[in-house]
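Undergrad: Following this message is one structure expressed as structure tokens.
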Amino acid sequence: MITQEQFQKEVDLIIENAIREDVGDGDHSSLSCIPESALGKAKLLVKDEGVIAGIDFAKQVFAYVDPQMEVEVLLSDGAEVKYGDIAFYVTGSSQNILKAERLVLNAMQRMSAIATKTRSFVDLLEGTSTKILDTRKTTPGIRALEKWAVKIGGGENHRFALYDMIMLKDNHIDFAGGITKAIEKTKAYLKKTHRDLKIIVEARNLTEIEEILQSEGVYRILIDNFNYEDTRTAVALIGETCLTESSGGINERTIRAYAECGVDYISSGALTHSVHNMDLSLKAV
């Protein structure tokens, strides 16, 4: 993953672009009927059940829109919530509360859904040593928020993007002329460009696992779309040589069985691409 400083820059860009997109040359609904001097207070009301996420992000949004706004936080990111809970109160310019409202709600609803989904997967893995990973199957433009939500839910982040880790998947391998050539070319590229990036290599079968193990410097092997028996065989073959990761359509019904095969990680795109937003509202009080 990228550094915290890089991550914060991504979050800052999301806020700046989202406010630009939503507000444009002004929130004319508010400007037309609410005095500029009017002060107000609103609450973030939970109308659902799950894991709340995005409270710290909401604080950043309010501060960006108006540094004078004050946020009284009642719940923390990662807390289990139920219908009727209040996550925070925000006080300040009524116009500016409304200006920030939609971005806060859109982000928190999405982040809370992802955190809730992730927490359910983490709970299913309890008692094993396997950790759940996200993927790059994220909504364009808000990846940082979605990966942040995975962390809040108890999962771990895979690479952030194409630039912070090497991942040699089936197409890379085929275009490069095979597994060994792909690994050799990758290591030569990293040496030439003075980059220190971890290398993950995808295997489609046990024969490919055996070939990957002939090369040094592989950080993790992606055991992709294997059945349980072959996954256990793959884990035994790999041993302590490098880390292992299972992927490929793993869901709530199958995740525990894959974890019991002994893999270090399970990656799931469903954490971010198959969730239903949590119902939240920002209500004037």
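Going through the structure tokens in order, the chains are called A, B, and so on, while each chain numbers its residues from 1 and the ligands are numbered from 1 in the order shown.
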Name the residues of region 71-146 of chain A that come out as helix (DSSP H, G or I) in a backbone DSSP run; write them as a ChimeraX atom specification.

TA: /A:94-124,143-146

Undergrad: Env of Glu156 (chain A): 7 Å cut, atoms = only C-alpha atoms, seq-sep filter 4 positions within chain, self excluded. Answer as a PyMOL selection string.

TA: chain A and resi 132-134+150-151

Undergrad: With 10 Å as the cut-off and only C-alpha atoms counted, what is the closest atom pair between each nearby residue of region 144-191 of chain A and region 202-224 of chain A? Distances in Å to one decimal, ordered by chain and number, as CSV.

TA:
```
residue,atom,partner,partner_atom,distance
A:Ile166,CA,A:Tyr219,CA,9.7
A:Met167,CA,A:Glu202,CA,7.6
A:Leu168,CA,A:Glu202,CA,6.1
A:Lys169,CA,A:Glu202,CA,5.0
A:Asp170,CA,A:Glu202,CA,6.6
A:Asn171,CA,A:Glu202,CA,9.9
A:His172,CA,A:Glu202,CA,9.6
A:Ile173,CA,A:Glu202,CA,8.6
A:Gly178,CA,A:Glu208,CA,9.6
A:Ile179,CA,A:Ile212,CA,6.7
A:Thr180,CA,A:Ile212,CA,6.9
A:Ile183,CA,A:Ser215,CA,7.4
A:Glu184,CA,A:Ser215,CA,8.2
A:Lys187,CA,A:Gly217,CA,8.1
```

Undergrad: Ranking A:Ile55, A:Ala87, A:Ala107, A:Leu243 by minimum distance to Ile199 (chain A) and counting only C-alpha atoms, which one comes first?

TA: A:Leu243

Undergrad: Nearest to Gly84 (chain A): which of A:Ile200, A:Val46, A:Ala53, A:Ala113 is it, counting only C-alpha atoms?

TA: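 Closest to Gly84 (chain A) of all the choices is A:Val46.
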
Undergrad: When you look at Cys33 (chain A) with a cut-off of 10 Å (counting only C-alpha atoms), what residues show up, excluding the ones that are within fewer than 4 positions of it in the same chain? I need them as a list of chain:residue names.

TA: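 After dropping sequence-adjacent residues, the list is A:His28, A:Ser29, A:Gln95.
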
Undergrad: Counting only C-alpha atoms, which residue out of A:Val81, A:Ala161, A:Val51, A:Ala270 sits closest to Arg119 (chain A)?

TA: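 That would be A:Val51, the residue with the smallest distance to Arg119 (chain A).
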
Undergrad: Have a look at A:Arg110, A:Lys82, A:Lys99, A:Arg232 and name the one nearest to Asn277 (chain A); count only C-alpha atoms.

TA: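 Looking only at the distances to Asn277 (chain A), the closest residue turns out to be A:Arg110.
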
Undergrad: Asp77 (chain A): which residues within 9 Å, counting only C-alpha atoms, same-chain residues fewer than 5 positions away excluded, as a tab-separated table (two decimals) with N, CA, C and O atoms, in the first residue's frame?

TA:
```
chain	number	residue	atom	x	y	z
A	51	VAL	N	-21.98	-1.66	10.26
A	51	VAL	CA	-20.76	-1.03	10.77
A	51	VAL	C	-20.66	0.37	10.17
A	51	VAL	O	-20.65	0.52	8.95
A	52	ILE	N	-20.58	1.37	11.03
A	52	ILE	CA	-20.50	2.75	10.54
A	52	ILE	C	-19.07	3.07	10.08
A	52	ILE	O	-18.10	2.65	10.71
A	53	ALA	N	-18.96	3.79	8.98
A	53	ALA	CA	-17.64	4.18	8.47
A	53	ALA	C	-17.77	5.51	7.75
A	53	ALA	O	-18.81	5.81	7.16
A	54	GLY	N	-16.71	6.30	7.81
A	54	GLY	CA	-16.69	7.58	7.12
A	54	GLY	C	-16.87	8.78	8.03
A	54	GLY	O	-16.97	9.91	7.55
A	55	ILE	N	-16.89	8.58	9.33
A	55	ILE	CA	-17.06	9.69	10.26
A	55	ILE	C	-15.85	10.63	10.19
A	55	ILE	O	-16.00	11.85	10.11
A	56	ASP	N	-14.66	10.06	10.19
A	56	ASP	CA	-13.46	10.90	10.07
A	56	ASP	C	-13.41	11.60	8.72
A	56	ASP	O	-12.96	12.75	8.63
A	112	SER	N	-19.86	2.74	4.79
A	112	SER	CA	-20.46	1.90	5.83
A	112	SER	C	-20.89	0.54	5.27
A	112	SER	O	-20.76	-0.49	5.95
A	149	ALA	N	-12.56	2.12	3.98
A	149	ALA	CA	-13.70	1.42	4.59
A	149	ALA	C	-13.37	-0.05	4.87
A	149	ALA	O	-13.81	-0.60	5.88
A	152	ILE	N	-11.50	-0.11	8.03
A	152	ILE	CA	-12.40	0.13	9.15
A	152	ILE	C	-13.17	-1.14	9.51
A	152	ILE	O	-13.41	-1.44	10.68
A	153	GLY	N	-13.53	-1.92	8.49
A	153	GLY	CA	-14.27	-3.16	8.72
A	153	GLY	C	-13.42	-4.31	9.23
A	153	GLY	O	-13.96	-5.38	9.54
```

Undergrad: Compile the contact shell of Phe57 (chain A) as a PyMOL selection string: residues with an atom at most 10 Å away, counting only C-alpha atoms, same-chain residues fewer than 2 positions apart removed.

TA: chain A and resi 11-12+15+53-55+59-63+77+103-104+107-108+111+145+148
